[in-house]
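J.: Pasting coords_29.pdb here (PDB, C-alpha atoms):
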```pdb
MODEL        1
ATOM      1  CA  MET A   1      53.917 -82.262 307.451
ATOM      2  CA  ASN A   2      56.401 -83.113 304.818
ATOM      3  CA  PRO A   3      57.032 -80.085 302.653
ATOM      4  CA  CYS A   4      57.221 -82.276 299.542
ATOM      5  CA  ALA A   5      53.671 -83.219 300.049
ATOM      6  CA  GLU A   6      52.444 -82.739 296.547
ATOM      7  CA  MET A   7      52.741 -86.089 294.987
ATOM      8  CA  GLN A   8      53.540 -88.068 298.057
ATOM      9  CA  LYS A   9      51.083 -90.039 299.969
ATOM     10  CA  SER A  10      51.141 -90.555 303.653
ATOM     11  CA  GLU A  11      49.885 -93.649 305.282
ATOM     12  CA  THR A  12      46.754 -93.146 307.211
ATOM     13  CA  HIS A  13      46.997 -93.020 310.962
ATOM     14  CA  GLN A  14      43.386 -93.645 311.456
ATOM     15  CA  PRO A  15      42.179 -96.982 312.697
ATOM     16  CA  THR A  16      40.777 -98.945 309.835
ATOM     17  CA  VAL A  17      37.709-100.543 311.208
ATOM     18  CA  GLU A  18      35.749-103.071 309.177
ATOM     19  CA  ARG A  19      38.623-103.448 306.814
ATOM     20  CA  VAL A  20      38.605-106.738 305.015
ATOM     21  CA  ARG A  21      40.955-106.121 302.137
ATOM     22  CA  SER A  22      44.659-106.267 302.624
ATOM     23  CA  GLY A  23      47.109-103.677 301.395
ATOM     24  CA  GLN A  24      48.129-100.161 302.180
ATOM     25  CA  VAL A  25      45.756 -97.351 303.081
ATOM     26  CA  TYR A  26      46.731 -93.782 302.329
ATOM     27  CA  ARG A  27      45.517 -90.506 303.677
ATOM     28  CA  PRO A  28      44.460 -88.299 300.788
ATOM     29  CA  LEU A  29      45.678 -84.713 300.760
ATOM     30  CA  VAL A  30      42.835 -82.262 301.038
ATOM     31  CA  ASP A  31      41.906 -78.643 300.796
ATOM     32  CA  ILE A  32      39.005 -77.529 302.936
ATOM     33  CA  ILE A  33      37.515 -74.205 302.086
ATOM     34  CA  GLU A  34      34.706 -72.347 303.739
ATOM     35  CA  ARG A  35      32.380 -70.345 301.613
ATOM     36  CA  LYS A  36      29.500 -68.240 302.715
ATOM     37  CA  ASP A  37      26.944 -70.979 302.391
ATOM     38  CA  GLU A  38      28.940 -74.181 302.127
ATOM     39  CA  LEU A  39      32.097 -76.067 302.989
ATOM     40  CA  LEU A  40      34.183 -77.433 300.178
ATOM     41  CA  VAL A  41      36.323 -80.515 300.695
ATOM     42  CA  ILE A  42      38.706 -81.231 297.818
ATOM     43  CA  ALA A  43      40.710 -84.445 298.003
ATOM     44  CA  ASP A  44      43.356 -85.908 295.724
ATOM     45  CA  VAL A  45      42.509 -89.551 295.181
ATOM     46  CA  PRO A  46      44.361 -90.564 292.012
ATOM     47  CA  GLY A  47      43.563 -93.951 290.600
ATOM     48  CA  ALA A  48      40.116 -94.221 292.115
ATOM     49  CA  THR A  49      36.950 -94.430 290.060
ATOM     50  CA  PRO A  50      33.614 -92.768 290.821
ATOM     51  CA  ASP A  51      32.156 -96.144 291.789
ATOM     52  CA  SER A  52      34.982 -96.945 294.146
ATOM     53  CA  ILE A  53      34.561 -93.839 296.264
ATOM     54  CA  GLU A  54      32.439 -93.925 299.347
ATOM     55  CA  VAL A  55      31.471 -90.837 301.269
ATOM     56  CA  ASN A  56      29.682 -91.094 304.592
ATOM     57  CA  PHE A  57      28.425 -88.435 306.924
ATOM     58  CA  GLU A  58      27.372 -89.684 310.281
ATOM     59  CA  ARG A  59      27.156 -88.041 313.701
ATOM     60  CA  GLY A  60      29.235 -85.095 312.624
ATOM     61  CA  GLU A  61      31.949 -87.235 311.050
ATOM     62  CA  LEU A  62      32.654 -87.105 307.378
ATOM     63  CA  THR A  63      34.463 -90.155 306.068
ATOM     64  CA  LEU A  64      35.761 -90.505 302.574
ATOM     65  CA  CYS A  65      37.212 -93.747 301.346
ATOM     66  CA  ALA A  66      38.262 -94.887 297.905
ATOM     67  CA  VAL A  67      39.281 -98.285 296.722
ATOM     68  CA  VAL A  68      42.225 -98.302 294.354
ATOM     69  CA  LEU A  69      43.146-101.490 292.572
ATOM     70  CA  PRO A  70      46.695-102.671 293.149
ATOM     71  CA  ARG A  71      49.285-102.438 290.428
ATOM     72  CA  GLU A  72      49.153-105.072 287.781
ATOM     73  CA  ARG A  73      52.561-106.593 287.506
ATOM     74  CA  GLU A  74      51.665-109.433 285.197
ATOM     75  CA  GLY A  75      54.346-109.698 282.531
ATOM     76  CA  GLN A  76      56.060-106.603 283.866
ATOM     77  CA  ARG A  77      59.340-105.953 285.529
ATOM     78  CA  ALA A  78      59.241-103.014 287.903
ATOM     79  CA  LEU A  79      62.141-100.643 287.457
ATOM     80  CA  LEU A  80      60.885 -97.822 289.644
ATOM     81  CA  ALA A  81      58.009 -97.744 292.073
ATOM     82  CA  GLU A  82      58.239 -94.376 293.759
ATOM     83  CA  TYR A  83      54.687 -94.161 294.910
ATOM     84  CA  GLY A  84      52.546 -96.674 296.668
ATOM     85  CA  VAL A  85      49.241 -97.845 295.327
ATOM     86  CA  GLY A  86      46.467 -98.499 297.763
ATOM     87  CA  ASP A  87      43.160 -97.355 299.093
ATOM     88  CA  PHE A  88      42.480 -93.900 300.449
ATOM     89  CA  CYS A  89      40.648 -93.156 303.651
ATOM     90  CA  ARG A  90      40.248 -90.104 305.857
ATOM     91  CA  THR A  91      37.790 -88.869 308.433
ATOM     92  CA  PHE A  92      36.950 -85.327 309.447
ATOM     93  CA  SER A  93      34.847 -83.889 312.200
ATOM     94  CA  VAL A  94      32.350 -81.488 310.807
ATOM     95  CA  SER A  95      30.261 -79.074 312.777
ATOM     96  CA  GLU A  96      26.585 -79.716 313.219
ATOM     97  CA  GLU A  97      25.758 -76.859 310.964
ATOM     98  CA  ILE A  98      25.941 -78.954 307.833
ATOM     99  CA  ASP A  99      22.832 -80.025 306.015
ATOM    100  CA  ALA A 100      23.713 -83.700 305.609
ATOM    101  CA  ALA A 101      20.928 -84.403 303.159
ATOM    102  CA  LYS A 102      22.302 -81.928 300.673
ATOM    103  CA  ILE A 103      25.926 -83.072 300.534
ATOM    104  CA  THR A 104      27.052 -83.661 296.967
ATOM    105  CA  ALA A 105      30.205 -85.234 295.561
ATOM    106  CA  SER A 106      31.871 -85.137 292.185
ATOM    107  CA  TYR A 107      34.992 -86.787 290.859
ATOM    108  CA  VAL A 108      37.051 -85.381 287.991
ATOM    109  CA  ASN A 109      40.660 -86.121 286.988
ATOM    110  CA  GLY A 110      41.494 -87.884 290.220
ATOM    111  CA  VAL A 111      40.094 -85.148 292.420
ATOM    112  CA  LEU A 112      37.084 -85.653 294.644
ATOM    113  CA  THR A 113      35.092 -82.528 295.439
ATOM    114  CA  LEU A 114      32.522 -82.568 298.217
ATOM    115  CA  ARG A 115      30.102 -79.746 298.763
ATOM    116  CA  LEU A 116      28.668 -79.544 302.235
ATOM    117  CA  PRO A 117      25.928 -76.934 302.324
ATOM    118  CA  LYS A 118      25.408 -75.152 305.601
ATOM    119  CA  LYS A 119      22.076 -75.325 307.335
ATOM    120  CA  ASP A 120      19.995 -72.243 306.836
ATOM    121  CA  SER A 121      20.427 -71.374 310.485
ATOM    122  CA  ALA A 122      24.194 -71.291 310.067
ATOM    123  CA  LYS A 123      24.276 -69.046 307.047
ATOM    124  CA  PRO A 124      25.228 -65.464 307.602
ATOM    125  CA  ARG A 125      22.227 -63.270 307.461
ATOM    126  CA  LYS A 126      21.886 -59.632 306.861
ATOM    127  CA  ILE A 127      19.187 -57.975 308.859
ATOM    128  CA  ALA A 128      17.594 -55.032 307.271
ATOM    129  CA  VAL A 129      17.098 -52.055 309.501
ATOM    130  CA  LYS A 130      13.706 -50.555 309.055
ATOM    131  CA  PRO A 131      13.270 -46.903 309.499
ATOM    132  CA  ALA A 132      10.962 -46.274 312.388
TER     133      ALA A 132
ATOM    134  CA  MET B   1      90.106 -47.360 323.765
ATOM    135  CA  ASN B   2      90.821 -51.045 323.555
ATOM    136  CA  LEU B   3      93.910 -52.075 321.648
ATOM    137  CA  ILE B   4      93.777 -55.764 322.459
ATOM    138  CA  PRO B   5      92.392 -57.798 319.551
ATOM    139  CA  TRP B   6      88.944 -58.911 320.606
ATOM    140  CA  ARG B   7      89.532 -62.622 319.985
ATOM    141  CA  ASN B   8      92.341 -62.709 322.533
ATOM    142  CA  LYS B   9      90.036 -61.606 325.243
ATOM    143  CA  GLU B  10      88.488 -64.162 327.510
ATOM    144  CA  PRO B  11      84.769 -64.165 326.915
ATOM    145  CA  ASP B  12      83.015 -62.623 329.874
ATOM    146  CA  ARG B  13      80.381 -64.387 331.863
ATOM    147  CA  ALA B  14      77.430 -63.130 329.883
ATOM    148  CA  THR B  15      78.980 -64.177 326.570
ATOM    149  CA  GLN B  16      79.849 -67.578 327.956
ATOM    150  CA  ALA B  17      76.295 -68.052 329.037
ATOM    151  CA  LEU B  18      75.172 -67.248 325.506
ATOM    152  CA  MET B  19      77.610 -69.618 323.830
ATOM    153  CA  PRO B  20      75.567 -72.806 324.042
ATOM    154  CA  SER B  21      72.507 -71.146 322.602
ATOM    155  CA  PHE B  22      74.578 -69.721 319.778
ATOM    156  CA  GLU B  23      75.876 -73.183 319.144
ATOM    157  CA  SER B  24      72.401 -74.632 318.924
ATOM    158  CA  PHE B  25      71.285 -71.711 316.800
ATOM    159  CA  ARG B  26      74.112 -72.457 314.408
ATOM    160  CA  SER B  27      73.302 -76.127 314.129
ATOM    161  CA  GLU B  28      69.674 -75.196 313.662
ATOM    162  CA  MET B  29      70.647 -72.935 310.782
ATOM    163  CA  ASP B  30      72.882 -75.620 309.329
ATOM    164  CA  ARG B  31      70.029 -78.044 309.393
ATOM    165  CA  LEU B  32      67.697 -75.531 307.817
ATOM    166  CA  PHE B  33      70.148 -74.843 305.029
ATOM    167  CA  SER B  34      70.900 -78.451 304.312
ATOM    168  CA  ARG B  35      67.207 -79.205 304.245
ATOM    169  CA  PHE B  36      66.594 -76.305 301.954
ATOM    170  CA  PHE B  37      69.188 -77.505 299.480
ATOM    171  CA  SER B  38      68.434 -81.177 299.694
ATOM    172  CA  GLU B  39      64.721 -80.691 299.219
ATOM    173  CA  PRO B  40      64.409 -77.982 296.638
ATOM    174  CA  LEU B  41      61.096 -79.356 295.553
ATOM    175  CA  GLY B  42      59.396 -78.729 298.796
ATOM    176  CA  PHE B  43      59.548 -75.641 300.910
ATOM    177  CA  GLY B  44      55.883 -75.758 301.509
ATOM    178  CA  GLY B  45      55.068 -74.408 298.114
ATOM    179  CA  ALA B  46      56.416 -71.004 299.106
ATOM    180  CA  TRP B  47      59.478 -71.566 296.991
ATOM    181  CA  ARG B  48      58.254 -71.141 293.475
ATOM    182  CA  GLY B  49      61.629 -71.279 291.763
ATOM    183  CA  PHE B  50      61.517 -75.031 291.446
ATOM    184  CA  ASP B  51      59.038 -77.323 289.852
ATOM    185  CA  LEU B  52      57.407 -80.073 291.757
ATOM    186  CA  ALA B  53      58.566 -83.551 290.903
ATOM    187  CA  PRO B  54      55.756 -86.032 290.700
ATOM    188  CA  ARG B  55      56.522 -89.569 291.742
ATOM    189  CA  ILE B  56      56.639 -92.142 289.004
ATOM    190  CA  ASP B  57      56.293 -95.810 288.382
ATOM    191  CA  LEU B  58      58.471 -97.341 285.697
ATOM    192  CA  ALA B  59      57.850-100.828 284.384
ATOM    193  CA  ASP B  60      59.440-102.919 281.701
ATOM    194  CA  THR B  61      57.293-105.251 279.635
ATOM    195  CA  GLU B  62      58.312-107.405 276.730
ATOM    196  CA  SER B  63      57.366-104.853 274.112
ATOM    197  CA  ALA B  64      57.271-101.522 275.888
ATOM    198  CA  ILE B  65      58.344 -99.323 278.739
ATOM    199  CA  GLU B  66      55.446 -98.088 280.810
ATOM    200  CA  VAL B  67      55.621 -94.952 282.918
ATOM    201  CA  LYS B  68      52.871 -94.017 285.331
ATOM    202  CA  VAL B  69      52.569 -90.712 287.138
ATOM    203  CA  GLU B  70      50.051 -89.666 289.737
ATOM    204  CA  VAL B  71      48.998 -86.124 288.908
ATOM    205  CA  PRO B  72      45.506 -85.631 290.319
ATOM    206  CA  GLY B  73      43.736 -82.446 289.410
ATOM    207  CA  VAL B  74      45.681 -81.808 286.241
ATOM    208  CA  GLU B  75      43.896 -81.299 282.961
ATOM    209  CA  PRO B  76      45.171 -83.523 280.134
ATOM    210  CA  LYS B  77      45.704 -80.400 278.020
ATOM    211  CA  ASP B  78      48.102 -79.052 280.637
ATOM    212  CA  ILE B  79      50.491 -81.990 280.299
ATOM    213  CA  ASP B  80      53.426 -81.899 277.871
ATOM    214  CA  ILE B  81      55.227 -85.077 276.962
ATOM    215  CA  GLU B  82      58.390 -85.258 274.935
ATOM    216  CA  VAL B  83      60.812 -88.036 274.082
ATOM    217  CA  ALA B  84      64.337 -87.130 273.039
ATOM    218  CA  ASP B  85      67.513 -89.205 273.119
ATOM    219  CA  ASN B  86      65.870 -91.897 275.169
ATOM    220  CA  VAL B  87      64.812 -89.486 277.849
ATOM    221  CA  LEU B  88      61.162 -88.951 278.577
ATOM    222  CA  PHE B  89      60.182 -85.455 279.682
ATOM    223  CA  ILE B  90      56.926 -84.869 281.434
ATOM    224  CA  ARG B  91      55.930 -81.331 282.258
ATOM    225  CA  GLY B  92      52.699 -79.879 283.355
ATOM    226  CA  GLN B  93      50.810 -77.559 285.513
ATOM    227  CA  LYS B  94      48.263 -77.980 288.214
ATOM    228  CA  VAL B  95      46.223 -74.849 288.071
ATOM    229  CA  ARG B  96      44.379 -73.597 291.083
ATOM    230  CA  ASP B  97      40.912 -72.440 290.379
ATOM    231  CA  ARG B  98      41.202 -68.678 290.399
ATOM    232  CA  GLU B  99      37.988 -68.351 292.290
ATOM    233  CA  GLU B 100      39.423 -70.409 295.134
ATOM    234  CA  LYS B 101      42.113 -67.935 296.036
ATOM    235  CA  LYS B 102      39.919 -65.587 297.959
ATOM    236  CA  ARG B 103      38.168 -68.262 299.890
ATOM    237  CA  ASN B 104      38.709 -69.228 303.435
ATOM    238  CA  TYR B 105      41.034 -72.200 303.706
ATOM    239  CA  TYR B 106      40.979 -74.548 306.671
ATOM    240  CA  TYR B 107      43.311 -77.063 305.063
ATOM    241  CA  ALA B 108      45.534 -76.428 302.079
ATOM    242  CA  GLU B 109      47.519 -79.615 301.660
ATOM    243  CA  ARG B 110      47.177 -80.047 297.935
ATOM    244  CA  GLU B 111      50.008 -78.470 296.038
ATOM    245  CA  HIS B 112      49.571 -76.428 292.917
ATOM    246  CA  GLY B 113      51.992 -75.178 290.346
ATOM    247  CA  SER B 114      54.149 -76.562 287.631
ATOM    248  CA  PHE B 115      55.773 -79.939 287.784
ATOM    249  CA  SER B 116      58.363 -81.611 285.642
ATOM    250  CA  ARG B 117      60.289 -84.782 285.516
ATOM    251  CA  SER B 118      62.837 -86.210 283.124
ATOM    252  CA  ILE B 119      63.127 -89.944 283.062
ATOM    253  CA  PRO B 120      66.047 -91.718 281.399
ATOM    254  CA  LEU B 121      64.722 -94.767 279.612
ATOM    255  CA  PRO B 122      66.476 -98.094 279.985
ATOM    256  CA  THR B 123      66.225 -99.021 276.284
ATOM    257  CA  SER B 124      65.722 -97.366 272.924
ATOM    258  CA  VAL B 125      62.113 -96.598 272.215
ATOM    259  CA  ASN B 126      60.135 -95.819 269.142
ATOM    260  CA  ALA B 127      59.468 -92.151 269.764
ATOM    261  CA  ASP B 128      56.847 -91.954 267.030
ATOM    262  CA  LYS B 129      54.641 -94.541 268.634
ATOM    263  CA  VAL B 130      54.582 -93.252 272.185
ATOM    264  CA  ASP B 131      51.116 -93.247 273.652
ATOM    265  CA  ALA B 132      49.908 -91.232 276.635
ATOM    266  CA  MET B 133      46.656 -91.711 278.468
ATOM    267  CA  PHE B 134      45.234 -89.816 281.409
ATOM    268  CA  LYS B 135      42.604 -91.413 283.558
ATOM    269  CA  ASP B 136      41.396 -90.622 287.065
ATOM    270  CA  GLY B 137      44.430 -88.552 287.882
ATOM    271  CA  VAL B 138      46.948 -91.115 286.701
ATOM    272  CA  LEU B 139      48.987 -90.524 283.569
ATOM    273  CA  THR B 140      50.196 -93.633 281.744
ATOM    274  CA  VAL B 141      52.829 -93.258 279.045
ATOM    275  CA  THR B 142      53.536 -96.332 276.954
ATOM    276  CA  LEU B 143      56.780 -96.274 274.989
ATOM    277  CA  PRO B 144      57.142 -99.168 272.546
ATOM    278  CA  LYS B 145      60.642-100.568 272.410
ATOM    279  CA  LYS B 146      62.576-100.403 269.184
ATOM    280  CA  PRO B 147      62.812-103.829 267.622
ATOM    281  CA  GLY B 148      66.151-105.378 268.343
ATOM    282  CA  SER B 149      66.725-103.354 271.459
ATOM    283  CA  ALA B 150      65.841-106.263 273.651
ATOM    284  CA  GLY B 151      69.459-107.154 274.061
ATOM    285  CA  ARG B 152      71.686-109.546 272.200
ATOM    286  CA  LYS B 153      73.643-112.398 273.613
ATOM    287  CA  VAL B 154      77.316-111.964 272.882
ATOM    288  CA  PRO B 155      79.275-115.151 272.503
ATOM    289  CA  VAL B 156      82.812-115.115 273.848
ATOM    290  CA  ARG B 157      85.374-116.237 271.316
ATOM    291  CA  ASN B 158      88.193-118.521 272.118
ATOM    292  CA  ALA B 159      91.474-116.825 271.282
TER     293      ALA B 159
ENDMDL
END
```
Please rewrite the model in this file as structure tokens.
T.:
Amino acid sequence: MNPCAEMQKSETHQPTVERVRSGQVYRPLVDIIERKDELLVIADVPGATPDSIEVNFERGELTLCAVVLPREREGQRALLAEYGVGDFCRTFSVSEEIDAAKITASYVNGVLTLRLPKKDSAKPRKIAVKPA
Amino acid sequence: MNLIPWRNKEPDRATQALMPSFESFRSEMDRLFSRFFSEPLGFGGAWRGFDLAPRIDLADTESAIEVKVEVPGVEPKDIDIEVADNVLFIRGQKVRDREEKKRNYYYAEREHGSFSRSIPLPTSVNADKVDAMFKDGVLTVTLPKKPGSAGRKVPVRNA
């Protein structure tokens, strides 16, 4: 991975099935964190809006896609265009231990946060030892 | 006791065998160093001496210069914008949630830390009327041009 990853976007290498719009697709940078009772997926998707983001969980695959409107260049002369503007899309394989019905998503300041709660059976459990 | 300067000695077999790997080690190091110095912004985030440089978009409209920066995850209050001598400075910080530090990371691609960028502006701007807006992780700074800075046609006199 490019060490200057922060503000750069990489083009997605995933096949874009069912894609009807033209333009570039980028792979959002993510953090994935495991907590005791949930998985947290945090993705940078600048320029998207809450309505434009689609999150799907199907057969153990989590897909997040966001539509980002292209630059408006009407009446403008571009002097620098260091970053590309386009949609975001990325897919992850997630273990079966996720309770798909309880996945929640929030979007603040260009960052999408998904909470994937673990199924009860996958949560760590402490077993009390009873004195005999 | 050996009185012959060492560099006059023919390298023995074992040293000769090592030579090529030393050579590749050296070029490897050279590459590492040149990468280190040419990409001071990177270094996987381990190098904290430098700020990150966000990528920008600079556009010229009839009445203003528009600068856009993608800085997802930054709070508007953590962004500092300054215009001086026709240079726009953007500084800020992307703070990692303190609670996150102890957690178990599978992926940690998103960078955190301070970022800064100074952007020389192509024309004079009205520094008092600069407007900055942050929406969905994209910062847009609009810098109205000073009247009369649009450029003047200079007629060439006949001597």
J.: Identify all residues satisfying the ChimeraX specification (/B :<6) & /A in the given file; provide them as a list in words.
T.: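 Checked against the file, the ChimeraX specification (/B :<6) & /A matches Pro3, Cys4, Glu6, Met7, Leu29, Val30, Asp31, Ile32, Ile33, Glu34, Asp44, Pro46, Gly47, Gln76, Arg77, Ala78, Leu79, Leu80, Ala81, Glu82, Tyr83, Asn109, Gly110 and Val111 of chain A.
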J.: Applied to this file, what does the PyMOL selection byres ((chain A and resi 85) around 8) return in terms of residues, put as JSON, numbers by chain?
T.: {"A": [24, 68, 69, 70, 71, 83, 84, 86, 87]}
J.: To one decimal place, how far is CA of Leu121 in chain B from CA of Arg152 in chain B in Å?
T.: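 Distance between the two atoms: 17.9 Å.
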J.: Record the distance separating CA of Asp97 in chain B and CA of Arg27 in chain A, expressed in Å with one decimal.
T.: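 A separation of 22.9 Å between them.
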J.: Between CA of Ala48 in chain A and CA of Ala105 in chain A, what distance in Å does the model show, to one decimal?
T.: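 Going from CA of Ala48 in chain A over to CA of Ala105 in chain A covers 13.8 Å.
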J.: Determine the residue membership of the PyMOL selection byres ((chain B and resi 91) around 6) for the file above and supply it as a PyMOL selection string.
T.: chain B and resi 79-80+90+92+115-116
J.: So that I can check the surroundings of Arg125 in chain A, please list as a PyMOL selection string every protein, DNA and RNA residue that reaches within 12 Å of it, counting only C-alpha atoms and ignoring chain neighbours fewer than 5 positions away.
T.: chain A and resi 36-37+120
J.: Identify which of the residues A:Val25, A:Ile103, A:Ala122, A:Ala128 lies closest to Cys65 in chain A, counting only C-alpha atoms when measuring atom-to-atom distances.
T.: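 Using only C-alpha atoms, the shortest distance to Cys65 in chain A belongs to A:Val25.
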J.: Listed atoms of range 120-137 of chain B, axis-aligned box, 5 Å per side: centre and edge lengths to one decimal in Å, as lines of an AutoDock Vina configuration file?
T.:
```
center_x = 53.9
center_y = -93.8
center_z = 277.5
size_x = 35.1
size_y = 20.5
size_z = 30.9
```
J.: Which residue gives the smallest distance to Glu58 in chain A among A:Tyr107, A:Thr113, A:Ile98, A:Phe88, with only C-alpha atoms counted?
T.: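 The closest residue to Glu58 in chain A is A:Ile98.
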J.: For range 61-135 of chain B in the structure I just supplied, write out C-alpha atoms - as an mmCIF file, in the first residue's frame.
T.:
```
data_model
loop_
_atom_site.group_PDB
_atom_site.id
_atom_site.type_symbol
_atom_site.label_atom_id
_atom_site.label_comp_id
_atom_site.auth_asym_id
_atom_site.auth_seq_id
_atom_site.Cartn_x
_atom_site.Cartn_y
_atom_site.Cartn_z
ATOM 1 C CA THR B 61 -14.034 31.274 -11.773
ATOM 2 C CA GLU B 62 -14.815 34.730 -13.023
ATOM 3 C CA SER B 63 -15.134 36.236 -9.575
ATOM 4 C CA ALA B 64 -13.307 33.896 -7.241
ATOM 5 C CA ILE B 65 -10.714 31.237 -6.672
ATOM 6 C CA GLU B 66 -12.165 28.049 -5.277
ATOM 7 C CA VAL B 67 -10.111 25.546 -3.322
ATOM 8 C CA LYS B 68 -11.483 22.162 -2.357
ATOM 9 C CA VAL B 69 -9.839 19.724 0.016
ATOM 10 C CA GLU B 70 -10.917 16.233 0.932
ATOM 11 C CA VAL B 71 -10.456 15.869 4.674
ATOM 12 C CA PRO B 72 -12.908 13.219 5.855
ATOM 13 C CA GLY B 73 -13.242 12.742 9.565
ATOM 14 C CA VAL B 74 -12.050 16.193 10.513
ATOM 15 C CA GLU B 75 -14.160 18.421 12.702
ATOM 16 C CA PRO B 76 -14.732 21.913 11.274
ATOM 17 C CA LYS B 77 -13.400 23.378 14.528
ATOM 18 C CA ASP B 78 -10.098 21.589 13.968
ATOM 19 C CA ILE B 79 -9.422 23.372 10.678
ATOM 20 C CA ASP B 80 -7.438 26.623 10.548
ATOM 21 C CA ILE B 81 -7.515 28.762 7.452
ATOM 22 C CA GLU B 82 -5.358 31.787 6.867
ATOM 23 C CA VAL B 83 -4.708 34.017 3.882
ATOM 24 C CA ALA B 84 -1.518 36.054 3.783
ATOM 25 C CA ASP B 85 0.321 37.563 0.827
ATOM 26 C CA ASN B 86 -1.793 35.664 -1.637
ATOM 27 C CA VAL B 87 -0.986 32.345 -0.074
ATOM 28 C CA LEU B 88 -3.721 30.249 1.432
ATOM 29 C CA PHE B 89 -2.747 28.164 4.450
ATOM 30 C CA ILE B 90 -4.872 25.271 5.513
ATOM 31 C CA ARG B 91 -3.962 23.426 8.668
ATOM 32 C CA GLY B 92 -5.840 20.957 10.701
ATOM 33 C CA GLN B 93 -5.916 17.830 12.655
ATOM 34 C CA LYS B 94 -7.646 14.540 12.268
ATOM 35 C CA VAL B 95 -8.051 13.280 15.765
ATOM 36 C CA ARG B 96 -8.356 9.615 16.484
ATOM 37 C CA ASP B 97 -11.004 8.758 18.954
ATOM 38 C CA ARG B 98 -9.081 8.063 22.125
ATOM 39 C CA GLU B 99 -11.249 5.113 22.900
ATOM 40 C CA GLU B 100 -10.234 3.476 19.633
ATOM 41 C CA LYS B 101 -6.598 3.117 20.535
ATOM 42 C CA LYS B 102 -6.982 0.087 22.701
ATOM 43 C CA ARG B 103 -9.211 -1.746 20.330
ATOM 44 C CA ASN B 104 -8.313 -4.571 18.092
ATOM 45 C CA TYR B 105 -7.560 -3.356 14.589
ATOM 46 C CA TYR B 106 -7.929 -5.582 11.553
ATOM 47 C CA TYR B 107 -7.424 -2.753 9.085
ATOM 48 C CA ALA B 108 -5.948 0.631 9.869
ATOM 49 C CA GLU B 109 -5.751 2.394 6.533
ATOM 50 C CA ARG B 110 -7.141 5.744 7.544
ATOM 51 C CA GLU B 111 -4.458 8.165 8.565
ATOM 52 C CA HIS B 112 -4.687 10.419 11.561
ATOM 53 C CA GLY B 113 -2.668 13.372 12.671
ATOM 54 C CA SER B 114 -2.079 16.908 11.627
ATOM 55 C CA PHE B 115 -2.139 18.059 8.058
ATOM 56 C CA SER B 116 -1.166 21.291 6.415
ATOM 57 C CA ARG B 117 -0.941 22.763 3.015
ATOM 58 C CA SER B 118 0.043 26.156 1.685
ATOM 59 C CA ILE B 119 -1.379 27.093 -1.652
ATOM 60 C CA PRO B 120 -0.049 30.031 -3.663
ATOM 61 C CA LEU B 121 -2.978 31.808 -5.246
ATOM 62 C CA PRO B 122 -2.851 32.796 -8.891
ATOM 63 C CA THR B 123 -4.377 36.260 -8.353
ATOM 64 C CA SER B 124 -4.892 38.787 -5.590
ATOM 65 C CA VAL B 125 -7.837 37.964 -3.407
ATOM 66 C CA ASN B 126 -9.943 39.877 -0.985
ATOM 67 C CA ALA B 127 -8.740 38.308 2.237
ATOM 68 C CA ASP B 128 -11.578 39.802 4.262
ATOM 69 C CA LYS B 129 -14.239 38.083 2.240
ATOM 70 C CA VAL B 130 -12.857 34.568 2.177
ATOM 71 C CA ASP B 131 -15.489 31.977 2.904
ATOM 72 C CA ALA B 132 -14.914 28.410 4.072
ATOM 73 C CA MET B 133 -17.488 25.666 4.178
ATOM 74 C CA PHE B 134 -17.160 22.085 5.332
ATOM 75 C CA LYS B 135 -19.616 19.511 4.137
#
```
